[in-house]
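**Q** Sharing start_30.tsv here; it has TSV, N, CA and C atoms.
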chain	number	residue	atom	x	y	z
A	1	MET	N	-139.01	-15.59	-72.38
A	1	MET	CA	-139.80	-15.24	-71.23
A	1	MET	C	-140.99	-16.18	-71.14
A	2	SER	N	-141.33	-16.59	-69.94
A	2	SER	CA	-142.41	-17.53	-69.72
A	2	SER	C	-143.74	-16.82	-69.48
A	3	THR	N	-144.78	-17.62	-69.45
A	3	THR	CA	-146.12	-17.09	-69.24
A	3	THR	C	-146.34	-16.75	-67.78
A	4	VAL	N	-146.97	-15.62	-67.53
A	4	VAL	CA	-147.32	-15.21	-66.18
A	4	VAL	C	-148.65	-15.85	-65.83
A	5	THR	N	-148.72	-16.49	-64.65
A	5	THR	CA	-149.96	-17.14	-64.21
A	5	THR	C	-150.70	-16.33	-63.15
A	6	ARG	N	-150.03	-15.36	-62.54
A	6	ARG	CA	-150.71	-14.46	-61.61
A	6	ARG	C	-149.94	-13.15	-61.50
A	7	ILE	N	-150.67	-12.11	-61.15
A	7	ILE	CA	-150.10	-10.80	-60.92
A	7	ILE	C	-150.41	-10.42	-59.48
A	8	VAL	N	-149.37	-10.07	-58.73
A	8	VAL	CA	-149.53	-9.71	-57.34
A	8	VAL	C	-149.19	-8.23	-57.19
A	9	GLN	N	-150.10	-7.47	-56.58
A	9	GLN	CA	-149.90	-6.03	-56.44
A	9	GLN	C	-149.69	-5.66	-54.98
A	10	PHE	N	-148.77	-4.73	-54.78
A	10	PHE	CA	-148.51	-4.14	-53.47
A	10	PHE	C	-148.55	-2.63	-53.63
A	11	GLU	N	-148.90	-1.93	-52.55
A	11	GLU	CA	-148.85	-0.48	-52.59
A	11	GLU	C	-148.50	0.04	-51.20
A	12	ALA	N	-147.97	1.24	-51.19
A	12	ALA	CA	-147.69	1.89	-49.92
A	12	ALA	C	-147.74	3.39	-50.14
A	13	THR	N	-148.09	4.09	-49.10
A	13	THR	CA	-148.03	5.54	-49.09
A	13	THR	C	-146.85	5.94	-48.22
A	14	VAL	N	-145.95	6.70	-48.81
A	14	VAL	CA	-144.74	7.13	-48.12
A	14	VAL	C	-145.05	8.46	-47.44
A	15	PRO	N	-144.95	8.50	-46.11
A	15	PRO	CA	-145.26	9.74	-45.40
A	15	PRO	C	-144.35	10.89	-45.81
A	16	ALA	N	-144.88	12.10	-45.75
A	16	ALA	CA	-144.06	13.29	-46.00
A	16	ALA	C	-142.92	13.32	-44.99
A	17	GLY	N	-141.76	13.77	-45.44
A	17	GLY	CA	-140.62	13.90	-44.54
A	17	GLY	C	-139.88	12.61	-44.26
A	18	THR	N	-140.10	11.56	-45.06
A	18	THR	CA	-139.37	10.30	-44.88
A	18	THR	C	-138.00	10.43	-45.55
A	19	ALA	N	-136.96	10.46	-44.76
A	19	ALA	CA	-135.61	10.71	-45.26
A	19	ALA	C	-135.05	9.48	-45.99
A	20	ALA	N	-134.20	9.72	-46.97
A	20	ALA	CA	-133.53	8.63	-47.69
A	20	ALA	C	-132.64	7.83	-46.75
A	21	ALA	N	-132.15	8.45	-45.69
A	21	ALA	CA	-131.30	7.75	-44.72
A	21	ALA	C	-132.11	6.80	-43.83
A	22	ASN	N	-133.43	6.99	-43.77
A	22	ASN	CA	-134.31	6.14	-42.97
A	22	ASN	C	-135.58	5.86	-43.78
A	23	PRO	N	-135.46	5.16	-44.92
A	23	PRO	CA	-136.59	5.00	-45.85
A	23	PRO	C	-137.65	4.04	-45.33
A	24	LEU	N	-138.82	4.12	-45.95
A	24	LEU	CA	-139.90	3.16	-45.71
A	24	LEU	C	-139.59	1.90	-46.51
A	25	VAL	N	-139.58	0.74	-45.84
A	25	VAL	CA	-139.33	-0.54	-46.50
A	25	VAL	C	-140.63	-1.33	-46.47
A	26	THR	N	-141.15	-1.67	-47.65
A	26	THR	CA	-142.39	-2.43	-47.77
A	26	THR	C	-142.06	-3.83	-48.24
A	27	GLN	N	-142.42	-4.84	-47.45
A	27	GLN	CA	-142.19	-6.24	-47.81
A	27	GLN	C	-143.17	-6.66	-48.91
A	28	CYS	N	-142.68	-7.38	-49.88
A	28	CYS	CA	-143.48	-7.90	-50.99
A	28	CYS	C	-143.20	-9.40	-51.09
A	29	GLN	N	-143.85	-10.17	-50.25
A	29	GLN	CA	-143.66	-11.62	-50.23
A	29	GLN	C	-144.55	-12.26	-51.29
A	30	LEU	N	-143.96	-13.02	-52.18
A	30	LEU	CA	-144.69	-13.57	-53.33
A	30	LEU	C	-144.93	-15.06	-53.23
A	31	GLY	N	-144.26	-15.75	-52.33
A	31	GLY	CA	-144.44	-17.19	-52.24
A	31	GLY	C	-143.75	-17.90	-53.39
A	32	PRO	N	-144.07	-19.20	-53.58
A	32	PRO	CA	-143.41	-19.97	-54.64
A	32	PRO	C	-143.75	-19.43	-56.02
A	33	GLY	N	-142.85	-19.61	-56.95
A	33	GLY	CA	-143.05	-19.17	-58.32
A	33	GLY	C	-141.82	-18.45	-58.82
A	34	THR	N	-141.81	-18.16	-60.10
A	34	THR	CA	-140.73	-17.43	-60.73
A	34	THR	C	-141.25	-16.07	-61.14
A	35	VAL	N	-140.62	-15.01	-60.67
A	35	VAL	CA	-141.03	-13.66	-61.02
A	35	VAL	C	-140.45	-13.31	-62.39
A	36	GLU	N	-141.35	-13.00	-63.31
A	36	GLU	CA	-140.93	-12.68	-64.68
A	36	GLU	C	-140.65	-11.19	-64.88
A	37	TRP	N	-141.44	-10.34	-64.22
A	37	TRP	CA	-141.28	-8.89	-64.37
A	37	TRP	C	-141.87	-8.17	-63.17
A	38	VAL	N	-141.50	-6.92	-63.04
A	38	VAL	CA	-142.07	-6.04	-62.02
A	38	VAL	C	-142.40	-4.70	-62.68
A	39	GLU	N	-143.55	-4.16	-62.32
A	39	GLU	CA	-143.95	-2.82	-62.76
A	39	GLU	C	-144.03	-1.92	-61.53
A	40	ILE	N	-143.54	-0.71	-61.68
A	40	ILE	CA	-143.62	0.31	-60.64
A	40	ILE	C	-144.45	1.46	-61.21
A	41	GLN	N	-145.50	1.85	-60.48
A	41	GLN	CA	-146.35	2.94	-60.95
A	41	GLN	C	-146.44	4.00	-59.85
A	42	VAL	N	-146.26	5.26	-60.26
A	42	VAL	CA	-146.38	6.39	-59.36
A	42	VAL	C	-147.27	7.41	-60.05
A	43	PRO	N	-148.39	7.82	-59.40
A	43	PRO	CA	-149.24	8.84	-60.02
A	43	PRO	C	-148.55	10.20	-60.01
A	44	PRO	N	-149.08	11.16	-60.76
A	44	PRO	CA	-148.48	12.50	-60.76
A	44	PRO	C	-148.45	13.10	-59.36
A	45	GLY	N	-147.42	13.86	-59.07
A	45	GLY	CA	-147.39	14.56	-57.80
A	45	GLY	C	-146.05	14.67	-57.11
A	46	PRO	N	-145.22	13.60	-57.07
A	46	PRO	CA	-143.98	13.69	-56.28
A	46	PRO	C	-142.97	14.73	-56.77
A	47	ARG	N	-142.92	14.99	-58.06
A	47	ARG	CA	-142.03	16.00	-58.64
A	47	ARG	C	-140.60	15.91	-58.14
A	48	GLY	N	-140.08	14.68	-58.12
A	48	GLY	CA	-138.69	14.46	-57.76
A	48	GLY	C	-138.43	14.40	-56.26
A	49	GLN	N	-139.47	14.52	-55.44
A	49	GLN	CA	-139.28	14.50	-53.99
A	49	GLN	C	-139.44	13.10	-53.39
A	50	MET	N	-139.88	12.13	-54.19
A	50	MET	CA	-139.96	10.75	-53.72
A	50	MET	C	-139.08	9.89	-54.62
A	51	GLY	N	-138.32	9.02	-54.00
A	51	GLY	CA	-137.48	8.09	-54.74
A	51	GLY	C	-137.70	6.69	-54.20
A	52	LEU	N	-137.48	5.69	-55.06
A	52	LEU	CA	-137.64	4.31	-54.61
A	52	LEU	C	-136.74	3.39	-55.40
A	53	TYR	N	-136.56	2.19	-54.85
A	53	TYR	CA	-135.88	1.13	-55.57
A	53	TYR	C	-136.46	-0.20	-55.13
A	54	VAL	N	-136.21	-1.24	-55.96
A	54	VAL	CA	-136.68	-2.59	-55.67
A	54	VAL	C	-135.48	-3.40	-55.18
A	55	ALA	N	-135.72	-4.16	-54.10
A	55	ALA	CA	-134.67	-5.00	-53.53
A	55	ALA	C	-135.14	-6.45	-53.49
A	56	SER	N	-134.20	-7.36	-53.51
A	56	SER	CA	-134.46	-8.78	-53.32
A	56	SER	C	-133.61	-9.23	-52.13
A	57	SER	N	-134.28	-9.73	-51.09
A	57	SER	CA	-133.59	-10.09	-49.85
A	57	SER	C	-132.73	-8.93	-49.34
A	58	LEU	N	-133.32	-7.73	-49.42
A	58	LEU	CA	-132.72	-6.48	-48.94
A	58	LEU	C	-131.53	-5.99	-49.74
A	59	GLN	N	-131.26	-6.59	-50.92
A	59	GLN	CA	-130.18	-6.13	-51.80
A	59	GLN	C	-130.80	-5.44	-53.02
A	60	GLN	N	-130.43	-4.20	-53.26
A	60	GLN	CA	-131.01	-3.45	-54.37
A	60	GLN	C	-130.74	-4.15	-55.70
A	61	ILE	N	-131.83	-4.31	-56.50
A	61	ILE	CA	-131.68	-4.91	-57.83
A	61	ILE	C	-132.19	-4.00	-58.94
A	62	ILE	N	-133.13	-3.08	-58.65
A	62	ILE	CA	-133.65	-2.16	-59.67
A	62	ILE	C	-133.75	-0.77	-59.04
A	63	PRO	N	-133.06	0.23	-59.57
A	63	PRO	CA	-132.08	0.08	-60.63
A	63	PRO	C	-130.80	-0.57	-60.11
A	64	TYR	N	-130.06	-1.14	-61.03
A	64	TYR	CA	-128.80	-1.80	-60.68
A	64	TYR	C	-127.84	-0.77	-60.10
A	65	ARG	N	-127.09	-1.18	-59.10
A	65	ARG	CA	-126.10	-0.27	-58.52
A	65	ARG	C	-124.79	-1.01	-58.29
A	66	VAL	N	-123.73	-0.23	-58.23
A	66	VAL	CA	-122.41	-0.73	-57.87
A	66	VAL	C	-122.00	0.03	-56.62
A	67	GLY	N	-121.55	-0.67	-55.60
A	67	GLY	CA	-121.16	-0.02	-54.36
A	67	GLY	C	-122.31	0.01	-53.37
A	68	ALA	N	-122.13	0.76	-52.29
A	68	ALA	CA	-123.08	0.75	-51.19
A	68	ALA	C	-124.12	1.87	-51.26
A	69	THR	N	-123.90	2.87	-52.10
A	69	THR	CA	-124.83	4.00	-52.16
A	69	THR	C	-126.03	3.65	-53.03
A	70	PRO	N	-127.26	3.76	-52.47
A	70	PRO	CA	-128.45	3.45	-53.27
A	70	PRO	C	-128.59	4.39	-54.47
A	71	ILE	N	-129.15	3.86	-55.53
A	71	ILE	CA	-129.54	4.66	-56.69
A	71	ILE	C	-131.06	4.64	-56.69
A	72	TRP	N	-131.68	5.79	-56.72
A	72	TRP	CA	-133.13	5.91	-56.56
A	72	TRP	C	-133.80	6.20	-57.90
A	73	LEU	N	-134.96	5.58	-58.11
A	73	LEU	CA	-135.83	5.94	-59.22
A	73	LEU	C	-136.71	7.09	-58.75
A	74	THR	N	-136.74	8.18	-59.49
A	74	THR	CA	-137.64	9.28	-59.17
A	74	THR	C	-138.67	9.35	-60.29
A	75	VAL	N	-139.85	8.89	-59.99
A	75	VAL	CA	-140.92	8.72	-60.97
A	75	VAL	C	-142.05	9.69	-60.64
A	76	ASP	N	-142.64	10.29	-61.65
A	76	ASP	CA	-143.76	11.20	-61.45
A	76	ASP	C	-144.75	10.99	-62.59
A	77	GLY	N	-145.88	10.38	-62.27
A	77	GLY	CA	-146.91	10.18	-63.28
A	77	GLY	C	-146.51	9.19	-64.36
A	78	ALA	N	-145.88	8.10	-63.95
A	78	ALA	CA	-145.42	7.12	-64.95
A	78	ALA	C	-145.47	5.71	-64.38
A	79	MET	N	-145.39	4.75	-65.30
A	79	MET	CA	-145.29	3.34	-64.94
A	79	MET	C	-144.05	2.80	-65.63
A	80	LEU	N	-143.17	2.15	-64.85
A	80	LEU	CA	-141.95	1.56	-65.37
A	80	LEU	C	-142.06	0.05	-65.26
A	81	ARG	N	-141.55	-0.67	-66.26
A	81	ARG	CA	-141.60	-2.13	-66.25
A	81	ARG	C	-140.19	-2.67	-66.46
A	82	TYR	N	-139.84	-3.68	-65.64
A	82	TYR	CA	-138.52	-4.29	-65.71
A	82	TYR	C	-138.67	-5.80	-65.80
A	83	ASP	N	-138.04	-6.40	-66.80
A	83	ASP	CA	-137.97	-7.85	-66.87
A	83	ASP	C	-136.90	-8.31	-65.89
A	84	LEU	N	-137.17	-9.39	-65.18
A	84	LEU	CA	-136.24	-9.86	-64.15
A	84	LEU	C	-135.32	-10.96	-64.64
A	85	ASP	N	-135.25	-11.16	-65.94
A	85	ASP	CA	-134.39	-12.18	-66.51
A	85	ASP	C	-132.95	-11.97	-66.05
A	86	GLY	N	-132.41	-12.95	-65.34
A	86	GLY	CA	-131.04	-12.89	-64.88
A	86	GLY	C	-130.84	-12.18	-63.55
A	87	LEU	N	-131.92	-11.64	-62.97
A	87	LEU	CA	-131.80	-10.97	-61.68
A	87	LEU	C	-132.17	-11.94	-60.56
A	88	PRO	N	-131.76	-11.66	-59.33
A	88	PRO	CA	-132.13	-12.54	-58.22
A	88	PRO	C	-133.64	-12.69	-58.12
A	89	ASP	N	-134.08	-13.89	-57.78
A	89	ASP	CA	-135.52	-14.18	-57.69
A	89	ASP	C	-135.77	-15.10	-56.51
A	90	SER	N	-135.74	-14.52	-55.31
A	90	SER	CA	-135.96	-15.30	-54.10
A	90	SER	C	-137.42	-15.35	-53.70
A	91	GLY	N	-138.26	-14.51	-54.33
A	91	GLY	CA	-139.64	-14.37	-53.89
A	91	GLY	C	-139.75	-13.43	-52.69
A	92	ASP	N	-138.61	-12.98	-52.18
A	92	ASP	CA	-138.56	-12.07	-51.04
A	92	ASP	C	-138.12	-10.70	-51.54
A	93	PHE	N	-139.10	-9.87	-51.90
A	93	PHE	CA	-138.82	-8.57	-52.48
A	93	PHE	C	-139.23	-7.47	-51.50
A	94	GLN	N	-138.61	-6.31	-51.68
A	94	GLN	CA	-138.97	-5.12	-50.94
A	94	GLN	C	-138.97	-3.93	-51.91
A	95	VAL	N	-139.82	-2.96	-51.60
A	95	VAL	CA	-139.73	-1.66	-52.26
A	95	VAL	C	-139.32	-0.69	-51.16
A	96	VAL	N	-138.23	0.02	-51.41
A	96	VAL	CA	-137.64	0.94	-50.44
A	96	VAL	C	-137.85	2.35	-50.98
A	97	ALA	N	-138.41	3.25	-50.15
A	97	ALA	CA	-138.78	4.57	-50.66
A	97	ALA	C	-138.55	5.67	-49.62
A	98	TYR	N	-138.22	6.85	-50.14
A	98	TYR	CA	-138.14	8.06	-49.31
A	98	TYR	C	-139.10	9.10	-49.88
A	99	ASN	N	-139.37	10.14	-49.12
A	99	ASN	CA	-140.24	11.23	-49.57
A	99	ASN	C	-139.86	12.48	-48.79
A	100	THR	N	-139.12	13.37	-49.42
A	100	THR	CA	-138.69	14.60	-48.75
A	100	THR	C	-139.70	15.73	-48.91
A	101	GLY	N	-140.82	15.46	-49.57
A	101	GLY	CA	-141.82	16.49	-49.80
A	101	GLY	C	-142.70	16.77	-48.59
A	102	ASN	N	-143.65	17.67	-48.78
A	102	ASN	CA	-144.58	18.07	-47.72
A	102	ASN	C	-145.88	17.27	-47.73
A	103	TYR	N	-146.05	16.40	-48.71
A	103	TYR	CA	-147.28	15.61	-48.83
A	103	TYR	C	-146.94	14.14	-48.97
A	104	PRO	N	-147.81	13.24	-48.48
A	104	PRO	CA	-147.57	11.80	-48.68
A	104	PRO	C	-147.72	11.44	-50.16
A	105	HIS	N	-147.00	10.43	-50.60
A	105	HIS	CA	-147.08	9.96	-51.99
A	105	HIS	C	-147.19	8.44	-52.00
A	106	THR	N	-147.97	7.93	-52.95
A	106	THR	CA	-148.25	6.50	-53.05
A	106	THR	C	-147.58	5.93	-54.29
A	107	TRP	N	-147.14	4.67	-54.18
A	107	TRP	CA	-146.63	3.92	-55.33
A	107	TRP	C	-147.32	2.56	-55.35
A	108	TRP	N	-147.32	1.92	-56.51
A	108	TRP	CA	-147.83	0.55	-56.68
A	108	TRP	C	-146.73	-0.27	-57.33
A	109	ALA	N	-146.60	-1.51	-56.90
A	109	ALA	CA	-145.68	-2.45	-57.54
A	109	ALA	C	-146.48	-3.69	-57.90
A	110	ARG	N	-146.37	-4.13	-59.15
A	110	ARG	CA	-147.03	-5.34	-59.62
A	110	ARG	C	-145.95	-6.32	-60.06
A	111	PHE	N	-146.08	-7.55	-59.57
A	111	PHE	CA	-145.12	-8.61	-59.91
A	111	PHE	C	-145.84	-9.65	-60.75
A	112	GLY	N	-145.30	-9.96	-61.94
A	112	GLY	CA	-145.83	-11.03	-62.79
A	112	GLY	C	-145.13	-12.32	-62.43
A	113	VAL	N	-145.91	-13.30	-61.94
A	113	VAL	CA	-145.34	-14.55	-61.42
A	113	VAL	C	-145.79	-15.73	-62.27
A	114	ASN	N	-144.86	-16.63	-62.55
A	114	ASN	CA	-145.16	-17.88	-63.23
A	114	ASN	C	-145.10	-18.99	-62.19
A	115	ASP	N	-146.26	-19.52	-61.82
A	115	ASP	CA	-146.32	-20.57	-60.81
A	115	ASP	C	-145.84	-21.92	-61.35
A	116	GLU	N	-145.89	-22.11	-62.66
A	116	GLU	CA	-145.53	-23.41	-63.24
A	116	GLU	C	-144.05	-23.72	-63.09
A	117	LEU	N	-143.20	-22.69	-63.04
A	117	LEU	CA	-141.76	-22.92	-62.94
A	117	LEU	C	-141.28	-23.04	-61.51
A	118	GLY	N	-142.06	-22.53	-60.56
A	118	GLY	CA	-141.56	-22.46	-59.20
A	118	GLY	C	-142.27	-23.36	-58.22
A	119	GLY	N	-143.04	-24.30	-58.67
A	119	GLY	CA	-143.73	-25.19	-57.74
A	119	GLY	C	-145.21	-24.91	-57.70
A	120	PRO	N	-145.89	-25.40	-56.68
A	120	PRO	CA	-147.34	-25.28	-56.63
A	120	PRO	C	-147.78	-23.84	-56.44
A	121	ALA	N	-148.95	-23.53	-56.94
A	121	ALA	CA	-149.52	-22.20	-56.80
A	121	ALA	C	-149.87	-21.94	-55.35
A	122	PRO	N	-149.82	-20.69	-54.91
A	122	PRO	CA	-150.16	-20.37	-53.53
A	122	PRO	C	-151.66	-20.55	-53.29
A	123	ASP	N	-152.04	-20.54	-52.01
A	123	ASP	CA	-153.47	-20.65	-51.73
A	123	ASP	C	-154.19	-19.38	-52.18
A	124	ALA	N	-155.51	-19.41	-52.17
A	124	ALA	CA	-156.32	-18.32	-52.71
A	124	ALA	C	-156.12	-17.01	-51.96
A	125	SER	N	-155.67	-17.04	-50.72
A	125	SER	CA	-155.51	-15.81	-49.95
A	125	SER	C	-154.36	-14.94	-50.48
A	126	THR	N	-153.40	-15.52	-51.23
A	126	THR	CA	-152.30	-14.73	-51.76
A	126	THR	C	-152.34	-14.60	-53.27
A	127	ALA	N	-153.29	-15.25	-53.92
A	127	ALA	CA	-153.39	-15.17	-55.37
A	127	ALA	C	-154.06	-13.86	-55.77
A	128	ALA	N	-153.76	-13.38	-56.96
A	128	ALA	CA	-154.38	-12.17	-57.47
A	128	ALA	C	-155.87	-12.41	-57.69
A	129	PRO	N	-156.70	-11.41	-57.41
A	129	PRO	CA	-158.15	-11.59	-57.60
A	129	PRO	C	-158.52	-11.70	-59.07
A	130	ASP	N	-159.65	-12.35	-59.34
A	130	ASP	CA	-160.17	-12.48	-60.69
A	130	ASP	C	-160.92	-11.20	-61.05
A	131	LEU	N	-160.30	-10.37	-61.89
A	131	LEU	CA	-160.89	-9.08	-62.24
A	131	LEU	C	-161.81	-9.16	-63.45
A	132	SER	N	-161.93	-10.35	-64.06
A	132	SER	CA	-162.77	-10.49	-65.25
A	132	SER	C	-164.24	-10.23	-64.93
A	133	VAL	N	-164.64	-10.43	-63.67
A	133	VAL	CA	-166.04	-10.21	-63.31
A	133	VAL	C	-166.42	-8.74	-63.39
A	134	LEU	N	-165.44	-7.85	-63.37
A	134	LEU	CA	-165.73	-6.42	-63.45
A	134	LEU	C	-166.21	-6.02	-64.84
A	135	ASN	N	-165.92	-6.81	-65.83
A	135	ASN	CA	-166.31	-6.51	-67.21
A	135	ASN	C	-167.68	-7.08	-67.57
A	136	SER	N	-168.32	-7.73	-66.63
A	136	SER	CA	-169.62	-8.37	-66.90
A	136	SER	C	-170.75	-7.37	-66.86
Here is a file; write its structure as structure tokens.

**A**
Amino acid sequence: MSTVTRIVQFEATVPAGTAAANPLVTQCQLGPGTVEWVEIQVPPGPRGQMGLYVASSLQQIIPYRVGATPIWLTVDGAMLRYDLDGLPDSGDFQVVAYNTGNYPHTWWARFGVNDELGGPAPDASTAAPDLSVLNS
């Protein structure tokens, strides 16, 4: 596994009553680089009523599936991490989610990107912020 040079975070709140047949699709455009891993974090609350998966160019990659029926991750108060070694890496990712509950639920996705393997680093508007100043 290579060194990560930036971490890009995305988040979305899935409205209550979002059916699995018509899920919320959140684009996660990463630009040039090689994605080494992805983390999915969901705070406590969904209790099995929200499910999601990660796609690359609209094809489900996490969790892996065979056939046309989506396989959903149902996470509640946890963070999951997946290495992308050997998985498609187009830089064009989506997180697809449903929420059959009565309340909206939020998820976060963090992508660890190695800019050295995939070409030049993106401009500052898409790079992860420098959080080291918060410890000063």

**Q** Near Ile61 (chain A), within 10 Å and counting only C-alpha atoms, which residues show up once chain neighbours fewer than 3 positions away are dropped, as a short mmCIF file (atom, residue, chain, number, x, y, z; two decimals) with N, CA and C atoms, in the frame of the given file?

**A**
data_model
loop_
_atom_site.label_atom_id
_atom_site.label_comp_id
_atom_site.auth_asym_id
_atom_site.auth_seq_id
_atom_site.Cartn_x
_atom_site.Cartn_y
_atom_site.Cartn_z
N TYR A 53 -136.56 2.19 -54.85
CA TYR A 53 -135.88 1.13 -55.57
C TYR A 53 -136.46 -0.20 -55.13
N VAL A 54 -136.21 -1.24 -55.96
CA VAL A 54 -136.68 -2.59 -55.67
C VAL A 54 -135.48 -3.40 -55.18
N ALA A 55 -135.72 -4.16 -54.10
CA ALA A 55 -134.67 -5.00 -53.53
C ALA A 55 -135.14 -6.45 -53.49
N SER A 56 -134.20 -7.36 -53.51
CA SER A 56 -134.46 -8.78 -53.32
C SER A 56 -133.61 -9.23 -52.13
N SER A 57 -134.28 -9.73 -51.09
CA SER A 57 -133.59 -10.09 -49.85
C SER A 57 -132.73 -8.93 -49.34
N LEU A 58 -133.32 -7.73 -49.42
CA LEU A 58 -132.72 -6.48 -48.94
C LEU A 58 -131.53 -5.99 -49.74
N TYR A 64 -130.06 -1.14 -61.03
CA TYR A 64 -128.80 -1.80 -60.68
C TYR A 64 -127.84 -0.77 -60.10
N ARG A 65 -127.09 -1.18 -59.10
CA ARG A 65 -126.10 -0.27 -58.52
C ARG A 65 -124.79 -1.01 -58.29
N ILE A 71 -129.15 3.86 -55.53
CA ILE A 71 -129.54 4.66 -56.69
C ILE A 71 -131.06 4.64 -56.69
N LEU A 84 -137.17 -9.39 -65.18
CA LEU A 84 -136.24 -9.86 -64.15
C LEU A 84 -135.32 -10.96 -64.64
N LEU A 87 -131.92 -11.64 -62.97
CA LEU A 87 -131.80 -10.97 -61.68
C LEU A 87 -132.17 -11.94 -60.56
N PRO A 88 -131.76 -11.66 -59.33
CA PRO A 88 -132.13 -12.54 -58.22
C PRO A 88 -133.64 -12.69 -58.12
N PHE A 93 -139.10 -9.87 -51.90
CA PHE A 93 -138.82 -8.57 -52.48
C PHE A 93 -139.23 -7.47 -51.50
#

**Q** State, in Å with one decimal place, the distance from CA of Trp107 (chain A) to CA of Pro43 (chain A).

**A**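 Separation of CA of Trp107 (chain A) and CA of Pro43 (chain A): 7.3 Å.
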
**Q** Counting only C-alpha atoms, figure out which residue out of A:Ala109, A:Met50, A:Val75, A:Ala16 gets nearest to Ala97 (chain A).

**A** A:Met50

**Q** How many Å separate CA of Pro15 (chain A) from atom N of Trp37 (chain A)?

**A**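 Distance between the two atoms: 27.8 Å.
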
**Q** Show me the residues around (-142.2, 3.6, -65.5) - criterion: an atom at most 7 Å away, only N, CA and C atoms counted - as a list of chain:residue names.

**A**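 Residues close enough to count: A:Ile40, A:Gln41, A:Val42, A:Val75, A:Ala78, A:Met79, A:Leu80, A:Arg81.
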
**Q** Go through A:Pro23, A:Gly67, A:Pro32, A:Asp92 one by one, measure the shortest atom-to-atom distance of each to Glu116 (chain A) using all atoms listed in the file, and give the residue with the smallest value.

**A**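 Looking at the shortest contact to Glu116 (chain A), the residue is A:Pro32.
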
**Q** Measuring between all atoms listed in the file, which one of A:Gly31, A:Gly17, A:Val95, A:Glu36 shows the shortest distance to Ser2 (chain A)?

**A**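 Between A:Gly31, A:Gly17, A:Val95, A:Glu36, the residue approaching Ser2 (chain A) most closely is A:Glu36.
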
**Q** Nearest to Asp115 (chain A) among A:Val35, A:Pro70, A:Gly91, A:Asn99, with distances taken over all atoms listed in the file: which residue is it?

**A**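 Residue with the minimum atom-to-atom distance to Asp115 (chain A): A:Val35.
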
**Q** Per DSSP on the backbone, filter chain A down to the residues in helix (DSSP H, G or I) and report them as a ChimeraX atom specification.

**A** /A:115-118,131-135
